[in-house]
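Q: Provided below: model_34.cif, containing mmCIF, C-alpha atoms and all ligand atoms.
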```cif
data_start
#
loop_
_atom_site.label_atom_id
_atom_site.label_comp_id
_atom_site.auth_asym_id
_atom_site.auth_seq_id
_atom_site.Cartn_x
_atom_site.Cartn_y
_atom_site.Cartn_z
CA MET A 1 -10.24 5.53 21.03
CA TYR A 2 -8.65 5.50 17.59
CA LEU A 3 -10.75 2.56 16.42
CA ARG A 4 -13.96 4.18 17.60
CA VAL A 5 -13.29 7.17 15.36
CA VAL A 6 -11.77 5.40 12.39
CA VAL A 7 -14.09 2.44 11.94
CA PRO A 8 -17.30 4.47 11.49
CA LEU A 9 -15.40 6.77 9.12
CA VAL A 10 -14.24 3.86 6.96
CA VAL A 11 -17.72 2.36 6.97
CA ALA A 12 -19.19 5.72 5.96
CA MET A 13 -16.61 6.09 3.18
CA ILE A 14 -17.38 2.62 1.82
CA ALA A 15 -21.12 3.31 1.97
CA ALA A 16 -20.68 6.64 0.23
CA GLY A 17 -18.51 5.05 -2.43
CA VAL A 18 -21.01 2.29 -3.13
CA ALA A 19 -24.03 4.57 -3.12
CA GLY A 20 -22.45 7.47 -4.96
CA GLY A 21 -20.38 5.68 -7.56
CA LEU A 22 -17.97 8.58 -7.46
CA GLY A 23 -15.10 9.02 -5.07
CA MET A 24 -14.26 12.00 -2.97
CA THR A 25 -12.53 13.82 -5.78
CA GLY A 26 -15.38 13.14 -8.19
CA ARG A 27 -13.04 11.64 -10.77
CA LEU A 28 -14.19 8.46 -12.45
CA ARG A 29 -11.43 6.03 -13.35
CA PHE A 30 -11.74 2.55 -14.77
CA VAL A 31 -9.17 -0.19 -14.53
CA PRO A 32 -9.01 -3.43 -16.54
CA ASP A 33 -11.71 -5.82 -15.50
CA PRO A 34 -10.78 -9.25 -14.10
CA ALA A 35 -14.43 -10.39 -14.38
CA PRO A 36 -15.62 -9.82 -17.95
CA GLY A 37 -18.51 -7.42 -18.43
CA ARG A 38 -18.27 -5.71 -15.09
CA PRO A 39 -15.84 -2.78 -14.99
CA LEU A 40 -13.86 -2.56 -11.82
CA ALA A 41 -14.51 1.14 -11.39
CA ILE A 42 -12.52 3.73 -9.55
CA LEU A 43 -9.90 1.56 -7.88
CA GLU A 44 -8.05 4.73 -6.97
CA GLU A 45 -11.05 5.96 -5.00
CA VAL A 46 -11.54 2.70 -3.09
CA PRO A 47 -10.52 3.30 0.52
CA GLY A 48 -8.16 0.77 1.98
CA PRO A 49 -8.37 -0.29 5.60
CA GLU A 50 -6.87 2.49 7.73
CA THR A 51 -5.78 0.06 10.39
CA GLY A 52 -6.15 -3.54 11.45
CA PRO A 53 -5.50 -6.01 14.24
CA VAL A 54 -2.14 -5.85 15.99
CA CYS A 55 0.59 -7.77 14.16
CA PRO A 56 0.87 -11.03 16.15
CA VAL A 57 4.68 -11.17 15.91
CA ASP A 58 5.39 -7.48 16.67
CA GLY A 59 2.94 -5.25 18.52
CA ARG A 60 4.40 -2.06 17.08
CA TYR A 61 2.70 -2.84 13.77
CA VAL A 62 -0.73 -3.78 12.48
CA ASP A 63 -1.83 -6.48 10.09
CA GLU A 64 -4.43 -4.91 7.82
CA PRO A 65 -6.85 -6.91 5.72
CA ALA A 66 -5.52 -6.94 2.13
CA THR A 67 -8.81 -5.60 0.76
CA GLY A 68 -8.79 -2.98 -1.97
CA LEU A 69 -5.55 -4.10 -3.63
CA HIS A 70 -5.67 -4.56 -7.39
CA PRO A 71 -7.06 -8.10 -7.93
CA GLU A 72 -3.85 -9.33 -9.56
CA VAL A 73 -1.84 -7.90 -6.66
CA LEU A 74 -4.20 -9.34 -4.06
CA ALA A 75 -3.71 -12.85 -5.53
CA ALA A 76 0.07 -12.30 -5.60
CA TRP A 77 -0.01 -11.11 -1.97
CA GLN A 78 -1.81 -14.30 -0.96
CA ARG A 79 0.82 -16.39 -2.76
CA LEU A 80 3.54 -14.42 -0.95
CA VAL A 81 1.93 -14.86 2.48
CA ASP A 82 1.57 -18.60 1.83
CA ALA A 83 5.18 -18.97 0.63
CA ALA A 84 6.46 -17.13 3.70
CA GLY A 85 4.19 -19.12 6.01
CA ALA A 86 5.55 -22.37 4.58
CA LYS A 87 8.98 -21.22 5.81
CA GLY A 88 7.65 -20.17 9.21
CA VAL A 89 7.78 -16.44 8.38
CA ARG A 90 4.76 -14.31 9.36
CA LEU A 91 4.19 -11.23 7.18
CA CYS A 92 2.17 -8.35 8.59
CA LEU A 93 0.54 -5.94 6.16
CA ASN A 94 1.26 -2.72 8.01
CA ASP A 95 -0.17 -0.68 5.11
CA GLY A 96 -1.60 -1.72 1.78
CA LYS A 97 -4.33 -0.07 -0.23
CA ARG A 98 -4.92 3.65 0.23
CA SER A 99 -7.49 5.82 -1.48
CA ASN A 100 -6.75 9.19 -3.04
CA GLY A 101 -8.30 10.70 0.07
CA GLN A 102 -6.11 8.73 2.47
CA GLN A 103 -2.94 9.66 0.58
CA GLN A 104 -4.03 13.30 0.37
CA ARG A 105 -4.56 13.39 4.16
CA GLU A 106 -1.03 12.04 4.66
CA PHE A 107 0.32 14.66 2.29
CA ASP A 108 -1.67 17.46 3.95
CA ALA A 109 -0.48 16.38 7.41
CA SER A 110 3.08 16.54 6.12
CA VAL A 111 2.47 20.05 4.72
CA ARG A 112 1.17 21.17 8.13
CA GLN A 113 4.16 19.62 9.85
CA LEU A 114 6.81 20.98 7.51
CA GLY A 115 5.26 24.27 6.48
CA SER A 116 5.10 23.95 2.70
CA ALA A 117 3.95 21.63 -0.07
CA GLU A 118 7.39 21.81 -1.59
CA LEU A 119 9.01 20.42 1.57
CA ALA A 120 6.24 17.87 2.09
CA ALA A 121 6.77 16.51 -1.42
CA ARG A 122 10.26 15.43 -0.40
CA TYR A 123 8.79 12.96 2.08
CA VAL A 124 5.25 12.02 1.01
CA LEU A 125 3.99 11.32 -2.49
CA PRO A 126 0.90 13.12 -3.78
CA PRO A 127 -1.98 10.68 -4.48
CA GLU A 128 -1.47 10.51 -8.24
CA LYS A 129 2.03 9.12 -7.78
CA SER A 130 1.45 6.59 -4.99
CA MET A 131 1.53 2.89 -5.82
CA HIS A 132 -0.50 2.35 -2.63
CA VAL A 133 -3.31 4.37 -4.21
CA LYS A 134 -3.04 2.25 -7.36
CA GLY A 135 -3.33 -0.87 -5.18
CA ARG A 136 0.06 -2.24 -6.24
CA ALA A 137 2.19 -1.68 -3.10
CA VAL A 138 2.40 -3.21 0.36
CA ASP A 139 4.34 -2.22 3.47
CA VAL A 140 5.57 -5.39 5.19
CA GLN A 141 6.59 -5.55 8.84
CA PRO A 142 8.37 -6.50 11.03
CA GLN A 143 11.82 -5.93 9.57
CA ASP A 144 12.88 -9.60 9.66
CA SER A 145 9.82 -10.46 7.58
CA ALA A 146 10.56 -7.66 5.11
CA ILE A 147 14.13 -8.91 4.75
CA TRP A 148 12.76 -12.39 3.98
CA VAL A 149 10.55 -10.89 1.26
CA GLU A 150 13.43 -8.94 -0.26
CA ARG A 151 15.58 -12.09 -0.44
CA ASN A 152 12.99 -14.62 -1.50
CA ALA A 153 10.09 -12.95 -3.27
CA PRO A 154 11.48 -11.44 -6.50
CA ALA A 155 10.71 -14.81 -8.16
CA LEU A 156 7.07 -14.24 -7.12
CA GLY A 157 7.06 -10.76 -8.68
CA TRP A 158 7.60 -8.75 -5.48
CA CYS A 159 10.43 -6.22 -5.33
CA ARG A 160 11.70 -3.74 -2.80
CA ARG A 161 11.91 -0.35 -4.57
CA TYR A 162 13.47 2.20 -2.23
CA ASP A 163 16.73 2.40 -0.37
CA ASN A 164 15.12 4.24 2.56
CA GLU A 165 12.04 1.98 2.92
CA TYR A 166 12.98 -1.62 3.73
CA TRP A 167 9.26 -2.33 4.22
CA HIS A 168 7.84 -1.14 0.87
CA PHE A 169 7.31 -3.72 -1.90
CA GLU A 170 5.60 -3.46 -5.25
CA TYR A 171 4.23 -6.25 -7.40
CA SER A 172 4.63 -6.67 -11.12
CA PRO A 173 4.53 -9.93 -13.10
CA SER A 174 7.52 -8.62 -15.08
CA TYR A 175 9.70 -8.61 -11.95
CA ALA A 176 9.33 -12.40 -11.78
CA THR A 177 10.76 -12.81 -15.26
CA ALA A 178 13.09 -9.81 -15.70
CA GLY A 179 14.21 -9.40 -12.08
CA CYS A 180 13.95 -6.37 -9.80
CA PRO A 181 14.83 -2.87 -10.96
CA ALA A 182 17.68 -1.10 -9.18
CA LEU A 183 16.74 0.45 -5.83
CA LEU A 184 15.85 4.14 -5.95
CA PRO A 185 17.06 6.40 -3.12
CA SER A 186 13.49 7.16 -2.00
CA ALA A 187 9.91 7.33 -3.22
CA THR A 188 10.14 11.07 -3.67
CA GLY A 189 13.58 11.08 -5.28
CA SER A 190 15.10 13.18 -2.51
ZN ZN A 201 4.80 1.79 1.07
#
```
Rewrite the structure of this file - the entire thing - as structure tokens.
Ligand SMILES: [Zn+2]
A:
Amino acid sequence: MYLRVVVPLVVAMIAAGVAGGLGMTGRLRFVPDPAPGRPLAILEEVPGPETGPVCPVDGRYVDEPATGLHPEVLAAWQRLVDAAGAKGVRLCLNDGKRSNGQQQREFDASVRQLGSAELAARYVLPPEKSMHVKGRAVDVQPQDSAIWVERNAPALGWCRRYDNEYWHFEYSPSYATAGCPALLPSATGS
């Protein structure tokens, strides 16, 4: 049921993005171009996959395609998956790239659930603050795989960032050289 609704929506969003050039919010953002001469426009408006096939090692999670991540992050994710695989560890990408629209829907759902934007902001980041929207964050499941990443992947530039999210990792080349920053209590600071 879920797939039947979501897949056409994602396809429509991709089509609209390609045809329109502008994302849902109408803002036009450019990010540095990995292929000279062709600006990689509006990464923050690019929708990520909303779901994916069931994670083969734990059916509670999905394993999304890594599409939509920042190109540098996508390459680093592939290196991470390969390094884990070489040790017999299967990483599932339970959530990766989100668009502004996807993040806004999560935020709005939280507002409806909790009753106010102020309360919602304690639990869900608004789009402009989310590293998933910027294409620089991945949520890794199951927990054993996330623990492997936390222990072994800082040298590859992947760091866990939040005390309350064992699954959330962000990539930066500087982490590989300077090490991981101290864990923050949560994404929203609460
Ligand atoms: Zn995350």
Q: Once you count only C-alpha atoms and all ligand atoms, what closest atom pair and distance in Å to one decimal does each residue of chain A within 8 Å of ligand ZN 201 (chain A) have, with rows by chain and rising residue number, as JSON lines?
A:
```
{"residue": "A:Asp95", "atom": "CA", "partner": "A:ZN201", "partner_atom": "ZN", "distance": 6.9}
{"residue": "A:Gly96", "atom": "CA", "partner": "A:ZN201", "partner_atom": "ZN", "distance": 7.3}
{"residue": "A:Met131", "atom": "CA", "partner": "A:ZN201", "partner_atom": "ZN", "distance": 7.7}
{"residue": "A:His132", "atom": "CA", "partner": "A:ZN201", "partner_atom": "ZN", "distance": 6.5}
{"residue": "A:Ala137", "atom": "CA", "partner": "A:ZN201", "partner_atom": "ZN", "distance": 6.0}
{"residue": "A:Val138", "atom": "CA", "partner": "A:ZN201", "partner_atom": "ZN", "distance": 5.6}
{"residue": "A:Asp139", "atom": "CA", "partner": "A:ZN201", "partner_atom": "ZN", "distance": 4.7}
{"residue": "A:Glu165", "atom": "CA", "partner": "A:ZN201", "partner_atom": "ZN", "distance": 7.5}
{"residue": "A:Trp167", "atom": "CA", "partner": "A:ZN201", "partner_atom": "ZN", "distance": 6.8}
{"residue": "A:His168", "atom": "CA", "partner": "A:ZN201", "partner_atom": "ZN", "distance": 4.2}
{"residue": "A:Phe169", "atom": "CA", "partner": "A:ZN201", "partner_atom": "ZN", "distance": 6.7}
```
Q: Quote the spacing between atom CA of A:Thr188 and atom CA of A:Asp163 in Å to one decimal place.
A: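 About the pair atom CA of A:Thr188 and atom CA of A:Asp163: they are 11.4 Å apart.
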Q: Please work out which residues fall within 10 Å of (-2.0, -14.1, 3.7), coordinates as given in the file, with all atoms listed in the file counting, and return them as number ranges by chain.
A: A: 63, 65-66, 74-85, 90-93
Q: So the first atom is atom CA of A:Glu44 and the second is atom CA of A:Trp158; what is the distance between them in Å, to one decimal place?
A: 20.7 Å
Q: Between atom CA of A:His70 and atom CA of A:Asn100, what is the spacing in Å?
A: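 Atom CA of A:His70 lies 14.5 Å from atom CA of A:Asn100.
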Q: From the options A:Leu114, A:Leu43, A:Ala153, A:Leu125, which residue's atoms come nearest to A:Lys97, counting all atoms listed in the file?
A: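 The closest residue to A:Lys97 is A:Leu43.
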Q: Give me, as a list in words, all polymer residues having an atom no more than 10 Å from A:Gln104, counting all atoms listed in the file and skipping those fewer than 2 positions away in the same chain.
A: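 My list of contacting residues is Arg98, Ser99, Asn100, Gly101, Gln102, Glu106, Phe107, Asp108, Ala109, Ser110, Val124, Leu125, Pro126, Pro127 and Glu128 of chain A.
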Q: Just checking: using only C-alpha atoms, which residue out of A:Gln141, A:Leu183, A:Glu64, A:Thr177 ends up closest to A:Arg160?
A: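 Ranked by minimum distance to A:Arg160, first place goes to A:Leu183.
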Q: Around all of stretch 46-58 of chain A's listed atoms, make the axis-aligned box with 5 Å on each side and tell me centre and edge lengths in Å to one decimal, as lines of an AutoDock Vina configuration file.
A:
```
center_x = -3.1
center_y = -3.9
center_z = 6.8
size_x = 26.9
size_y = 24.5
size_z = 29.8
```
Q: Of the candidates A:Gly135, A:Val73, A:Arg60, A:Ala117, which one gets nearest to A:Pro47 if we count only C-alpha atoms?
A: A:Gly135
Q: Between A:Gly157, A:Gly52, A:Gly68, A:Pro142, single out the one closest to A:Val89, counting all atoms listed in the file.
A: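 Of all the options, A:Pro142 lies closest to A:Val89.
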Q: Go through A:Val62, A:Glu45, A:Glu170, A:Thr51 and flag the residue nearest A:Glu150, using all atoms listed in the file for the distances.
A: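 For A:Glu150, the nearest of the given residues is A:Glu170.
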Q: Rank nothing, just name the residue among A:Cys159, A:Val140, A:Ala86, A:Ala121 nearest to A:Tyr61, using all atoms listed in the file.
A: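 Distance minimum relative to A:Tyr61 lands on A:Val140.
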